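*Asks:* Before we start, here is the structure in question, set down as structure tokens.
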Amino acid sequence: SVAGSKAGDCTSVRVCWIPVAQLLDSAGHSCLTVFGGHEGIVYSVRLDALGEHVYSGGQDGTVRKWQIQSGECTLVMRGHKGPVNCVDVTSDGSAVFSAGEDETIKKWDAETGVELLTLVGHEKDEYGSGDVMCVRISVDGKKVCSGGDDSTVRLWNGATGTSSQIMRGHIKAVNAVALNADASLVYSGSKDKSIREWDAASGECLRTLLGHTHCVALLGHTDEVRSVCLSNDEKYLYSGSCDKTVGVWDLKEGALVRRMEGHTDWVYSVYESPDGNILSGSEDKTIKKWDAITGEC
């Protein structure tokens, strides 16, 4: 996973298949801080809006809060009955949400670490797996979006934890979700190799193509989609895939306009930095920084 702070300098956090996270400088070359403490693989990291704290989730079933400069772990949140696949933090920094392999999403108080809510609704797939793979919070904190092994995308009330929408259409696990600024649109990336755009209010899958409005999957990757991220201006969607590429999609046209090749293994995470560059994290143990316009690394 790679993540950055919209408010701070262009930094990134690297998470590998070892129990540490690392803070890198804006060039992605120098390690500034190592966050060590997880007892197993670190699956997800998220920086708060001020760039002061990092939140992480991992194989050990914990969510952890770290002071970004010192690398000190200031909170350990325990409650999941299995690995934590994804974490996100509200824009005001007051709450953290985590998605787990125990079929739940949990909301935590970011200051005290107290568990505030447990969101239950994702179901087991045909193989008996009910992992919640991803979670994202709207800018205003009112909506929570998740995707899981049950092939659904779900919206929840961030204050009460009640389910408000279930979006069906993917035929395999949903690995990644993203929300636009006003949370009117949802984007999802799936193991079925597609990206879908959804109307958050109605739950309908929509795309306008050649004048017709209907459910159209954005097709272009040749393997499962592991990560999706909206550009800062919301004109483009970036995706990372097990086909080892980073895709750039023009949302107005609904077309793949650029495919960036260079990774030698699966791309697990993509993110646009405040300066408009694209960061991608891969199982090849590298983070790459791409020019969003030229596609050069």
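Starting from 1 in every chain, residues are counted up; chains themselves are A, B, ... following the order of the structure tokens, and ligands are numbered from 1 as listed.
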Could you go through segment 94-170 of chain A and tell me which residues DSSP, when run on the backbone, assigns to strand (DSSP E or B), listing them as a ChimeraX atom specification?
*Replies:* /A:95-100,104-109,115-120,132-137,143-148,152-157,163-168
*Asks:* Tell me, counting only C-alpha atoms, for each residue of segment 154-235 of chain A within 12 Å of segment 117-124 of chain A, which pair of atoms is nearest and how far apart they are in Å to one decimal, in rows ordered by chain and increasing number, as a Markdown table.
*Replies:*
| residue | atom | partner | partner_atom | distance |
| --- | --- | --- | --- | --- |
| A:Arg154 | CA | A:His122 | CA | 8.2 |
| A:Leu155 | CA | A:Gly121 | CA | 10.4 |
| A:Trp156 | CA | A:Leu119 | CA | 8.0 |
| A:Asn157 | CA | A:Leu119 | CA | 9.5 |
| A:Gly158 | CA | A:Leu117 | CA | 9.1 |
| A:Ala159 | CA | A:Leu117 | CA | 8.6 |
| A:Thr160 | CA | A:Leu117 | CA | 7.6 |
| A:Gly161 | CA | A:Leu119 | CA | 5.4 |
| A:Thr162 | CA | A:Leu119 | CA | 7.1 |
| A:Ser163 | CA | A:Gly121 | CA | 7.5 |
| A:Ser164 | CA | A:Gly121 | CA | 10.8 |
| A:Gln165 | CA | A:Gly121 | CA | 10.8 |
| A:Ile166 | CA | A:His122 | CA | 9.6 |
| A:Met167 | CA | A:His122 | CA | 11.5 |
| A:Arg168 | CA | A:His122 | CA | 11.9 |
| A:Lys172 | CA | A:Lys124 | CA | 11.9 |
| A:Ala173 | CA | A:Lys124 | CA | 10.5 |
| A:Val174 | CA | A:His122 | CA | 11.3 |
*Asks:* Write out the residues from the selection above, keeping N, CA, C and O atoms, as a PDB file, in the first residue's frame.
*Replies:*
ATOM      1  N   ARG A 154     -20.609  -1.792  -0.833  1.00  0.00           N
ATOM      2  CA  ARG A 154     -21.629  -1.378   0.137  1.00  0.00           C
ATOM      3  C   ARG A 154     -21.346   0.013   0.677  1.00  0.00           C
ATOM      4  O   ARG A 154     -20.191   0.399   0.866  1.00  0.00           O
ATOM      5  N   LEU A 155     -22.423   0.736   0.922  1.00  0.00           N
ATOM      6  CA  LEU A 155     -22.361   2.041   1.573  1.00  0.00           C
ATOM      7  C   LEU A 155     -23.000   1.943   2.945  1.00  0.00           C
ATOM      8  O   LEU A 155     -24.011   1.257   3.129  1.00  0.00           O
ATOM      9  N   TRP A 156     -22.401   2.657   3.894  1.00  0.00           N
ATOM     10  CA  TRP A 156     -22.857   2.622   5.277  1.00  0.00           C
ATOM     11  C   TRP A 156     -22.961   4.052   5.818  1.00  0.00           C
ATOM     12  O   TRP A 156     -22.258   4.947   5.359  1.00  0.00           O
ATOM     13  N   ASN A 157     -23.811   4.228   6.807  1.00  0.00           N
ATOM     14  CA  ASN A 157     -23.884   5.485   7.538  1.00  0.00           C
ATOM     15  C   ASN A 157     -22.707   5.528   8.508  1.00  0.00           C
ATOM     16  O   ASN A 157     -22.581   4.663   9.376  1.00  0.00           O
ATOM     17  N   GLY A 158     -21.835   6.533   8.359  1.00  0.00           N
ATOM     18  CA  GLY A 158     -20.633   6.604   9.170  1.00  0.00           C
ATOM     19  C   GLY A 158     -20.884   6.869  10.639  1.00  0.00           C
ATOM     20  O   GLY A 158     -20.036   6.590  11.474  1.00  0.00           O
ATOM     21  N   ALA A 159     -22.073   7.409  10.973  1.00  0.00           N
ATOM     22  CA  ALA A 159     -22.382   7.727  12.367  1.00  0.00           C
ATOM     23  C   ALA A 159     -23.061   6.570  13.081  1.00  0.00           C
ATOM     24  O   ALA A 159     -22.791   6.310  14.261  1.00  0.00           O
ATOM     25  N   THR A 160     -23.945   5.857  12.372  1.00  0.00           N
ATOM     26  CA  THR A 160     -24.732   4.800  13.009  1.00  0.00           C
ATOM     27  C   THR A 160     -24.257   3.392  12.660  1.00  0.00           C
ATOM     28  O   THR A 160     -24.581   2.432  13.363  1.00  0.00           O
ATOM     29  N   GLY A 161     -23.533   3.265  11.538  1.00  0.00           N
ATOM     30  CA  GLY A 161     -23.072   1.951  11.101  1.00  0.00           C
ATOM     31  C   GLY A 161     -24.105   1.145  10.349  1.00  0.00           C
ATOM     32  O   GLY A 161     -23.880  -0.029  10.039  1.00  0.00           O
ATOM     33  N   THR A 162     -25.239   1.743  10.029  1.00  0.00           N
ATOM     34  CA  THR A 162     -26.281   1.028   9.298  1.00  0.00           C
ATOM     35  C   THR A 162     -25.975   1.022   7.800  1.00  0.00           C
ATOM     36  O   THR A 162     -25.407   1.966   7.264  1.00  0.00           O
ATOM     37  N   SER A 163     -26.387  -0.054   7.144  1.00  0.00           N
ATOM     38  CA  SER A 163     -26.170  -0.201   5.706  1.00  0.00           C
ATOM     39  C   SER A 163     -27.170   0.657   4.945  1.00  0.00           C
ATOM     40  O   SER A 163     -28.367   0.635   5.236  1.00  0.00           O
ATOM     41  N   SER A 164     -26.691   1.420   3.969  1.00  0.00           N
ATOM     42  CA  SER A 164     -27.583   2.302   3.219  1.00  0.00           C
ATOM     43  C   SER A 164     -27.697   1.920   1.752  1.00  0.00           C
ATOM     44  O   SER A 164     -28.623   2.350   1.067  1.00  0.00           O
ATOM     45  N   GLN A 165     -26.760   1.116   1.244  1.00  0.00           N
ATOM     46  CA  GLN A 165     -26.800   0.748  -0.168  1.00  0.00           C
ATOM     47  C   GLN A 165     -25.939  -0.492  -0.409  1.00  0.00           C
ATOM     48  O   GLN A 165     -24.855  -0.628   0.166  1.00  0.00           O
ATOM     49  N   ILE A 166     -26.453  -1.393  -1.254  1.00  0.00           N
ATOM     50  CA  ILE A 166     -25.677  -2.557  -1.690  1.00  0.00           C
ATOM     51  C   ILE A 166     -25.633  -2.535  -3.206  1.00  0.00           C
ATOM     52  O   ILE A 166     -26.674  -2.490  -3.873  1.00  0.00           O
ATOM     53  N   MET A 167     -24.428  -2.528  -3.771  1.00  0.00           N
ATOM     54  CA  MET A 167     -24.243  -2.462  -5.217  1.00  0.00           C
ATOM     55  C   MET A 167     -23.716  -3.799  -5.731  1.00  0.00           C
ATOM     56  O   MET A 167     -22.648  -4.246  -5.329  1.00  0.00           O
ATOM     57  N   ARG A 168     -24.496  -4.414  -6.583  1.00  0.00           N
ATOM     58  CA  ARG A 168     -24.173  -5.728  -7.119  1.00  0.00           C
ATOM     59  C   ARG A 168     -23.915  -5.637  -8.613  1.00  0.00           C
ATOM     60  O   ARG A 168     -24.606  -4.909  -9.324  1.00  0.00           O
ATOM     61  N   LYS A 172     -16.699 -11.239  -9.118  1.00  0.00           N
ATOM     62  CA  LYS A 172     -15.670 -11.740  -8.220  1.00  0.00           C
ATOM     63  C   LYS A 172     -15.402 -10.688  -7.142  1.00  0.00           C
ATOM     64  O   LYS A 172     -16.010  -9.627  -7.142  1.00  0.00           O
ATOM     65  N   ALA A 173     -14.492 -10.993  -6.252  1.00  0.00           N
ATOM     66  CA  ALA A 173     -14.210 -10.130  -5.104  1.00  0.00           C
ATOM     67  C   ALA A 173     -13.903  -8.693  -5.506  1.00  0.00           C
ATOM     68  O   ALA A 173     -13.253  -8.444  -6.521  1.00  0.00           O
ATOM     69  N   VAL A 174     -14.365  -7.751  -4.688  1.00  0.00           N
ATOM     70  CA  VAL A 174     -14.066  -6.338  -4.873  1.00  0.00           C
ATOM     71  C   VAL A 174     -12.857  -5.997  -4.012  1.00  0.00           C
ATOM     72  O   VAL A 174     -12.913  -6.068  -2.785  1.00  0.00           O
TER      73      VAL A 174
END
*Asks:* Counting only C-alpha atoms, which residues in segment 120-176 of chain A sit no more than 6 Å from segment 83-90 of chain A? For each one, give the nearest pair of atoms and the distance in Å, sorted by chain then residue number, as a tab-separated table.
*Replies:*
residue	atom	partner	partner_atom	distance
A:Met133	CA	A:Asn85	CA	5.7
A:Cys134	CA	A:Cys86	CA	5.2
A:Arg136	CA	A:Asp88	CA	5.9
A:Gly141	CA	A:Thr90	CA	5.8
*Asks:* Got a sec: who's within 12 Å of Ala200 of chain A, counting only C-alpha atoms, leaving out chain neighbours fewer than 4 positions off, as a PyMOL selection string?
*Replies:* chain A and resi 138+143-145+153-156+164-167+178-180+182-188+204-206
*Asks:* Please, could you write that set of residues out with N, CA and C atoms as an mmCIF file, in the first residue's frame?
*Replies:*
data_model
loop_
_atom_site.group_PDB
_atom_site.id
_atom_site.type_symbol
_atom_site.label_atom_id
_atom_site.label_comp_id
_atom_site.auth_asym_id
_atom_site.auth_seq_id
_atom_site.Cartn_x
_atom_site.Cartn_y
_atom_site.Cartn_z
ATOM 1 N N SER A 138 -16.023 8.990 3.099
ATOM 2 C CA SER A 138 -16.273 10.224 2.358
ATOM 3 C C SER A 138 -15.587 11.398 3.043
ATOM 4 N N LYS A 143 -20.349 9.015 5.006
ATOM 5 C CA LYS A 143 -20.525 7.752 4.289
ATOM 6 C C LYS A 143 -19.254 6.909 4.375
ATOM 7 N N VAL A 144 -19.463 5.623 4.505
ATOM 8 C CA VAL A 144 -18.374 4.656 4.483
ATOM 9 C C VAL A 144 -18.647 3.690 3.341
ATOM 10 N N CYS A 145 -17.639 3.436 2.538
ATOM 11 C CA CYS A 145 -17.781 2.545 1.393
ATOM 12 C C CYS A 145 -16.861 1.344 1.574
ATOM 13 N N VAL A 153 -20.310 -4.041 -3.423
ATOM 14 C CA VAL A 153 -19.849 -2.750 -2.921
ATOM 15 C C VAL A 153 -20.953 -2.254 -2.007
ATOM 16 N N ARG A 154 -20.609 -1.792 -0.833
ATOM 17 C CA ARG A 154 -21.629 -1.378 0.137
ATOM 18 C C ARG A 154 -21.346 0.013 0.677
ATOM 19 N N LEU A 155 -22.423 0.736 0.922
ATOM 20 C CA LEU A 155 -22.361 2.041 1.573
ATOM 21 C C LEU A 155 -23.000 1.943 2.945
ATOM 22 N N TRP A 156 -22.401 2.657 3.894
ATOM 23 C CA TRP A 156 -22.857 2.622 5.277
ATOM 24 C C TRP A 156 -22.961 4.052 5.818
ATOM 25 N N SER A 164 -26.691 1.420 3.969
ATOM 26 C CA SER A 164 -27.583 2.302 3.219
ATOM 27 C C SER A 164 -27.697 1.920 1.752
ATOM 28 N N GLN A 165 -26.760 1.116 1.244
ATOM 29 C CA GLN A 165 -26.800 0.748 -0.168
ATOM 30 C C GLN A 165 -25.939 -0.492 -0.409
ATOM 31 N N ILE A 166 -26.453 -1.393 -1.254
ATOM 32 C CA ILE A 166 -25.677 -2.557 -1.690
ATOM 33 C C ILE A 166 -25.633 -2.535 -3.206
ATOM 34 N N MET A 167 -24.428 -2.528 -3.771
ATOM 35 C CA MET A 167 -24.243 -2.462 -5.217
ATOM 36 C C MET A 167 -23.716 -3.799 -5.731
ATOM 37 N N ALA A 178 -13.277 3.645 -4.266
ATOM 38 C CA ALA A 178 -12.943 5.068 -4.143
ATOM 39 C C ALA A 178 -14.233 5.873 -4.249
ATOM 40 N N LEU A 179 -14.261 7.008 -3.569
ATOM 41 C CA LEU A 179 -15.402 7.926 -3.601
ATOM 42 C C LEU A 179 -14.963 9.262 -4.169
ATOM 43 N N ASN A 180 -15.853 9.918 -4.928
ATOM 44 C CA ASN A 180 -15.527 11.281 -5.345
ATOM 45 C C ASN A 180 -15.773 12.233 -4.179
ATOM 46 N N ASP A 182 -17.907 14.611 -3.310
ATOM 47 C CA ASP A 182 -19.214 14.768 -2.664
ATOM 48 C C ASP A 182 -19.897 13.429 -2.402
ATOM 49 N N ALA A 183 -19.182 12.331 -2.623
ATOM 50 C CA ALA A 183 -19.665 10.971 -2.361
ATOM 51 C C ALA A 183 -20.900 10.619 -3.167
ATOM 52 N N SER A 184 -21.061 11.246 -4.321
ATOM 53 C CA SER A 184 -22.187 10.908 -5.194
ATOM 54 C C SER A 184 -21.854 9.754 -6.127
ATOM 55 N N LEU A 185 -20.563 9.509 -6.327
ATOM 56 C CA LEU A 185 -20.113 8.438 -7.206
ATOM 57 C C LEU A 185 -19.156 7.510 -6.470
ATOM 58 N N VAL A 186 -19.247 6.242 -6.782
ATOM 59 C CA VAL A 186 -18.369 5.231 -6.208
ATOM 60 C C VAL A 186 -17.665 4.502 -7.354
ATOM 61 N N TYR A 187 -16.385 4.233 -7.171
ATOM 62 C CA TYR A 187 -15.623 3.456 -8.141
ATOM 63 C C TYR A 187 -15.095 2.207 -7.448
ATOM 64 N N SER A 188 -15.165 1.097 -8.145
ATOM 65 C CA SER A 188 -14.730 -0.168 -7.549
ATOM 66 C C SER A 188 -13.864 -0.948 -8.522
ATOM 67 N N GLU A 204 -27.163 2.153 -8.676
ATOM 68 C CA GLU A 204 -27.069 1.684 -10.054
ATOM 69 C C GLU A 204 -25.640 1.797 -10.576
ATOM 70 N N CYS A 205 -25.230 0.825 -11.383
ATOM 71 C CA CYS A 205 -23.944 0.882 -12.057
ATOM 72 C C CYS A 205 -24.127 1.694 -13.326
ATOM 73 N N LEU A 206 -23.363 2.797 -13.483
ATOM 74 C CA LEU A 206 -23.576 3.651 -14.644
ATOM 75 C C LEU A 206 -22.296 4.112 -15.303
#
*Asks:* How far is it from atom CA of Glu126 of chain A to atom CA of Gly61 of chain A, in Å with one decimal?
*Replies:* 24.0 Å
*Asks:* Excluding Gly247 of chain A and its own-chain neighbours fewer than 2 positions away, which residues fall within 6 Å of it when counting only C-alpha atoms? Please give them as number ranges by chain.
*Replies:* A: 238-239, 258-259
*Asks:* Write to file, as a compact mmCIF listing (two decimals), in the first residue's frame, the residues of the selection just made, with C-alpha atoms.
*Replies:*
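Saved file result_6.txt follows:
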# COMPACT_ATOMS: atom_id res chain seq x y z
CA TYR A 238 -5.83 5.43 -11.63
CA SER A 239 -5.74 1.68 -11.19
CA ARG A 258 -2.48 5.26 -20.68
CA ARG A 259 -0.95 2.06 -19.39
*Asks:* Show which residues sit within 7 Å of Lys107 of chain A, as an mmCIF file with all heavy atoms, in the first residue's frame. Count only C-alpha atoms, and ignore same-chain residues fewer than 4 positions away.
*Replies:*
data_model
loop_
_atom_site.group_PDB
_atom_site.id
_atom_site.type_symbol
_atom_site.label_atom_id
_atom_site.label_comp_id
_atom_site.auth_asym_id
_atom_site.auth_seq_id
_atom_site.Cartn_x
_atom_site.Cartn_y
_atom_site.Cartn_z
ATOM 1 N N ALA A 95 -11.725 9.734 13.653
ATOM 2 C CA ALA A 95 -12.089 8.319 13.661
ATOM 3 C C ALA A 95 -11.319 7.550 12.595
ATOM 4 O O ALA A 95 -10.934 8.095 11.563
ATOM 5 C CB ALA A 95 -13.591 8.147 13.445
ATOM 6 N N VAL A 96 -11.114 6.272 12.874
ATOM 7 C CA VAL A 96 -10.444 5.357 11.954
ATOM 8 C C VAL A 96 -11.401 4.210 11.657
ATOM 9 O O VAL A 96 -12.093 3.720 12.554
ATOM 10 C CB VAL A 96 -9.144 4.796 12.564
ATOM 11 C CG1 VAL A 96 -8.429 3.891 11.571
ATOM 12 C CG2 VAL A 96 -8.238 5.916 13.017
ATOM 13 N N PHE A 97 -11.440 3.784 10.398
ATOM 14 C CA PHE A 97 -12.232 2.620 10.009
ATOM 15 C C PHE A 97 -11.284 1.533 9.512
ATOM 16 O O PHE A 97 -10.296 1.819 8.838
ATOM 17 C CB PHE A 97 -13.238 2.977 8.920
ATOM 18 C CG PHE A 97 -14.411 3.779 9.411
ATOM 19 C CD1 PHE A 97 -14.295 5.151 9.613
ATOM 20 C CD2 PHE A 97 -15.630 3.174 9.668
ATOM 21 C CE1 PHE A 97 -15.369 5.904 10.066
ATOM 22 C CE2 PHE A 97 -16.709 3.915 10.121
ATOM 23 C CZ PHE A 97 -16.592 5.284 10.319
ATOM 24 N N SER A 98 -11.618 0.294 9.828
ATOM 25 C CA SER A 98 -10.781 -0.832 9.405
ATOM 26 C C SER A 98 -11.651 -1.945 8.836
ATOM 27 O O SER A 98 -12.752 -2.216 9.331
ATOM 28 C CB SER A 98 -9.954 -1.353 10.580
ATOM 29 O OG SER A 98 -10.788 -1.701 11.677
ATOM 30 N N GLU A 115 -13.215 1.158 20.467
ATOM 31 C CA GLU A 115 -14.051 0.689 19.361
ATOM 32 C C GLU A 115 -15.435 1.322 19.487
ATOM 33 O O GLU A 115 -16.107 1.177 20.513
ATOM 34 C CB GLU A 115 -14.158 -0.829 19.390
ATOM 35 C CG GLU A 115 -14.973 -1.404 18.242
ATOM 36 C CD GLU A 115 -15.080 -2.926 18.300
ATOM 37 O OE1 GLU A 115 -14.093 -3.570 18.709
ATOM 38 O OE2 GLU A 115 -16.149 -3.449 17.947
ATOM 39 N N LEU A 116 -15.874 2.033 18.444
ATOM 40 C CA LEU A 116 -17.133 2.757 18.483
ATOM 41 C C LEU A 116 -18.274 2.007 17.806
ATOM 42 O O LEU A 116 -19.412 2.051 18.280
ATOM 43 C CB LEU A 116 -16.961 4.126 17.808
ATOM 44 C CG LEU A 116 -15.892 5.048 18.400
ATOM 45 C CD1 LEU A 116 -15.757 6.308 17.555
ATOM 46 C CD2 LEU A 116 -16.223 5.389 19.843
ATOM 47 N N LEU A 117 -17.982 1.355 16.691
ATOM 48 C CA LEU A 117 -19.014 0.655 15.927
ATOM 49 C C LEU A 117 -18.427 -0.585 15.263
ATOM 50 O O LEU A 117 -17.230 -0.615 14.945
ATOM 51 C CB LEU A 117 -19.593 1.542 14.821
ATOM 52 C CG LEU A 117 -20.433 2.765 15.179
ATOM 53 C CD1 LEU A 117 -20.689 3.588 13.921
ATOM 54 C CD2 LEU A 117 -21.754 2.347 15.818
ATOM 55 N N THR A 118 -19.278 -1.573 15.028
ATOM 56 C CA THR A 118 -18.942 -2.706 14.170
ATOM 57 C C THR A 118 -19.999 -2.799 13.082
ATOM 58 O O THR A 118 -21.196 -2.902 13.387
ATOM 59 C CB THR A 118 -18.876 -4.024 14.949
ATOM 60 O OG1 THR A 118 -17.840 -3.943 15.942
ATOM 61 C CG2 THR A 118 -18.557 -5.185 14.022
#
